[in-house]
Structures are given as structure tokens and as C-alpha cells.
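Data first, discussion second: the structure below is written as C-alpha cells.
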Amino acid sequence: MSVTIEQQRQRVEQEMTRNVDELDKSFLRKAQADMHFCAARCCEDQTSSIDSVQGCVDRCSVPLNKAQRYVHSELEGFQGRLQRCVMQCNDDIKNQMPPSPSESEVTKYTAQFERCAIKCVDKHVDLIPNLFKTMKTVLKKGTANLPDA
């Protein structure tokens, strides 16, 4: 087989890394800078108590934390869907295999599994651009509508 499972895993990883990096540069870094500028303004308040300043600093981190949790949740969901697709391939092959398969049957079923898993990766890699487009759209609207937890 010309494409291996390992090559497909690397393909997904590279595509995800490229898109996460772009999302970081286009949104998350600005949110991180905003958090630090906000926290610095909190620390400049010489009249407030230490608890008040800490509360201010904590509030500054809320938008970035929400954005990071949202991105993490979306990426975990994507990874879970890809894993379920591959596991379905595995289950389908297991259901087809006889109780004591011959070496040639094992080879045949292994090849079927690999073809199925590669289709899963192809399908999910094709979904990555839209996944990140949606995340950018959500993040551009602001973090106020994202869940707190």
C-alpha cells in the first residue's frame, strides 16, 4: 500500500498544527496580549487592595481562557470523531474475520482496515478547513457567548 497509517497520522497532525498556528496568530495572540495589557492596568492601581487587584487580574484572563477552552473542546471533538471513524473500521473488520483466520486472511483484512482508516483520514482532513473557519467566526464574535466552564 502506498500510503501508510503512520503517514496519514502525520498528515492529520501537520494539517492541524498548521491551522492551530494560524488561529493562534490571527486571534489567540491578540487575546493574550489584551489579557496582559488589562492585567498591567490592574496592577497600576495603587489605591486598591491586593484582593481587588487580583480579582481584576483574574477577570482579565476570562476572555482568553474561554477562547482557549472553546478551541480545545472543538479540537477534542474533531479528534474524537476521527477516532470513532477508525474504530468503526476496526469493528467492521473484526466482525468479518473468522474465529481463526489464516495468514492470508489476516493480510487481506489488515489491508481492508488500512483502506478504511485512510478514507477516514481523507474525509476528516477535508473537514479541517471548515472546522477552523467556524472557530474563527465564533471567536471573532467575541468570547461573551462562549461557555464559562
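In the C-alpha cells, chains take the letters A, B, ... in the order shown, each chain's residues start at 1, and ligands count up from 1 in the order shown.
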Determine, counting only C-alpha atoms, which protein, DNA and RNA residues have an atom within 12 Å of an atom of Ala111 in chain A; residues of the same chain fewer than 2 positions away are not included. Present the result as a PyMOL selection string.
-> chain A and resi 1-5+89-90+93+104-109+113-118
Taking the chain letters and numbering used in this document, name the residues of chain A that DSSP puts in alpha helix (DSSP H), as a PyMOL selection string.
-> chain A and resi 5-23+29-44+50-96+103-140
Resulting file, chosen residues, C-alpha atoms, as a tab-separated table (two decimals), in the first residue's frame:
chain	number	residue	atom	x	y	z
A	5	ILE	CA	-1.38	4.66	8.59
A	6	GLU	CA	1.62	6.49	10.06
A	7	GLN	CA	1.80	8.81	7.04
A	8	GLN	CA	-1.90	9.53	7.45
A	9	ARG	CA	-1.43	10.26	11.16
A	10	GLN	CA	1.37	12.69	10.30
A	11	ARG	CA	-0.81	14.28	7.62
A	12	VAL	CA	-3.58	14.99	10.13
A	13	GLU	CA	-1.08	16.26	12.69
A	14	GLN	CA	0.60	18.60	10.20
A	15	GLU	CA	-2.71	19.99	8.94
A	16	MET	CA	-3.98	20.53	12.48
A	17	THR	CA	-0.71	22.15	13.59
A	18	ARG	CA	-0.72	24.48	10.59
A	19	ASN	CA	-4.30	25.55	11.26
A	20	VAL	CA	-3.85	25.91	15.04
A	21	ASP	CA	-0.79	28.09	14.41
A	22	GLU	CA	-2.78	30.26	12.02
A	23	LEU	CA	-5.66	30.53	14.51
A	29	ARG	CA	-2.23	36.05	20.47
A	30	LYS	CA	-4.22	39.27	20.38
A	31	ALA	CA	-6.47	37.94	23.13
A	32	GLN	CA	-3.36	37.03	25.12
A	33	ALA	CA	-1.86	40.49	24.61
A	34	ASP	CA	-5.17	42.09	25.63
A	35	MET	CA	-5.16	39.98	28.80
A	36	HIS	CA	-1.65	41.12	29.71
A	37	PHE	CA	-2.39	44.80	29.00
A	38	CYS	CA	-5.55	44.55	31.08
A	39	ALA	CA	-3.66	42.87	33.95
A	40	ALA	CA	-0.95	45.52	33.78
A	41	ARG	CA	-3.61	48.25	34.12
A	42	CYS	CA	-4.97	46.41	37.18
A	43	CYS	CA	-1.52	46.41	38.75
A	44	GLU	CA	-1.09	50.14	38.14
A	50	ILE	CA	-4.28	43.24	46.92
A	51	ASP	CA	-7.50	41.17	46.66
A	52	SER	CA	-9.15	43.78	44.48
A	53	VAL	CA	-6.14	43.89	42.14
A	54	GLN	CA	-6.04	40.08	42.00
A	55	GLY	CA	-9.75	39.99	41.17
A	56	CYS	CA	-9.15	42.50	38.39
A	57	VAL	CA	-6.27	40.41	37.01
A	58	ASP	CA	-8.41	37.27	37.17
A	59	ARG	CA	-11.21	38.97	35.22
A	60	CYS	CA	-8.68	39.99	32.56
A	61	SER	CA	-7.90	36.34	31.85
A	62	VAL	CA	-11.53	35.26	31.38
A	63	PRO	CA	-11.85	36.02	27.63
A	64	LEU	CA	-8.60	34.25	26.73
A	65	ASN	CA	-9.40	31.26	28.94
A	66	LYS	CA	-12.85	30.94	27.35
A	67	ALA	CA	-11.36	31.15	23.85
A	68	GLN	CA	-8.71	28.55	24.65
A	69	ARG	CA	-11.26	26.19	26.20
A	70	TYR	CA	-13.51	26.60	23.15
A	71	VAL	CA	-10.66	25.80	20.73
A	72	HIS	CA	-9.54	22.85	22.86
A	73	SER	CA	-13.08	21.49	23.00
A	74	GLU	CA	-13.55	21.78	19.23
A	75	LEU	CA	-10.21	20.07	18.55
A	76	GLU	CA	-11.03	17.28	21.02
A	77	GLY	CA	-14.40	16.79	19.31
A	78	PHE	CA	-12.74	16.57	15.91
A	79	GLN	CA	-10.17	14.08	17.21
A	80	GLY	CA	-12.93	12.01	18.79
A	81	ARG	CA	-14.89	11.85	15.53
A	82	LEU	CA	-11.79	10.75	13.63
A	83	GLN	CA	-11.01	8.10	16.26
A	84	ARG	CA	-14.60	6.82	16.15
A	85	CYS	CA	-14.40	6.51	12.37
A	86	VAL	CA	-11.20	4.47	12.59
A	87	MET	CA	-12.64	2.36	15.42
A	88	GLN	CA	-15.69	1.66	13.25
A	89	CYS	CA	-13.31	0.37	10.56
A	90	ASN	CA	-11.70	-1.85	13.18
A	91	ASP	CA	-15.06	-3.13	14.43
A	92	ASP	CA	-16.28	-3.84	10.89
A	93	ILE	CA	-13.16	-5.87	10.11
A	94	LYS	CA	-13.36	-7.78	13.40
A	95	ASN	CA	-16.96	-8.69	12.59
A	96	GLN	CA	-15.92	-10.08	9.19
A	103	GLU	CA	-2.24	-15.65	7.48
A	104	SER	CA	-3.59	-14.69	4.06
A	105	GLU	CA	-6.94	-13.72	5.60
A	106	VAL	CA	-5.17	-11.60	8.23
A	107	THR	CA	-3.25	-9.87	5.42
A	108	LYS	CA	-6.46	-9.30	3.45
A	109	TYR	CA	-8.36	-7.90	6.47
A	110	THR	CA	-5.43	-5.75	7.51
A	111	ALA	CA	-5.38	-4.19	4.04
A	112	GLN	CA	-9.16	-3.62	4.23
A	113	PHE	CA	-8.76	-1.94	7.60
A	114	GLU	CA	-5.97	0.29	6.30
A	115	ARG	CA	-8.04	1.34	3.28
A	116	CYS	CA	-10.97	2.16	5.53
A	117	ALA	CA	-8.79	4.09	8.01
A	118	ILE	CA	-7.20	6.06	5.17
A	119	LYS	CA	-10.70	7.01	3.94
A	120	CYS	CA	-11.49	8.23	7.46
A	121	VAL	CA	-8.39	10.41	7.48
A	122	ASP	CA	-9.08	11.74	3.97
A	123	LYS	CA	-12.64	12.64	4.98
A	124	HIS	CA	-11.57	14.32	8.20
A	125	VAL	CA	-8.64	16.21	6.67
A	126	ASP	CA	-11.12	17.62	4.17
A	127	LEU	CA	-13.21	18.85	7.14
A	128	ILE	CA	-10.34	20.73	8.81
A	129	PRO	CA	-10.59	23.98	6.81
A	130	ASN	CA	-14.28	24.36	7.64
A	131	LEU	CA	-13.67	23.47	11.29
A	132	PHE	CA	-11.15	26.29	11.62
A	133	LYS	CA	-13.27	28.70	9.57
A	134	THR	CA	-16.13	28.10	12.01
A	135	MET	CA	-13.85	28.56	15.03
A	136	LYS	CA	-12.55	31.86	13.62
A	137	THR	CA	-16.09	33.06	13.00
A	138	VAL	CA	-17.13	32.18	16.56
A	139	LEU	CA	-14.02	33.77	18.08
A	140	LYS	CA	-14.41	36.96	16.01
By how many Å are CA of Thr143 in chain A and CA of Phe27 in chain A apart?
->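 Between CA of Thr143 in chain A and CA of Phe27 in chain A the gap is 11.4 Å.
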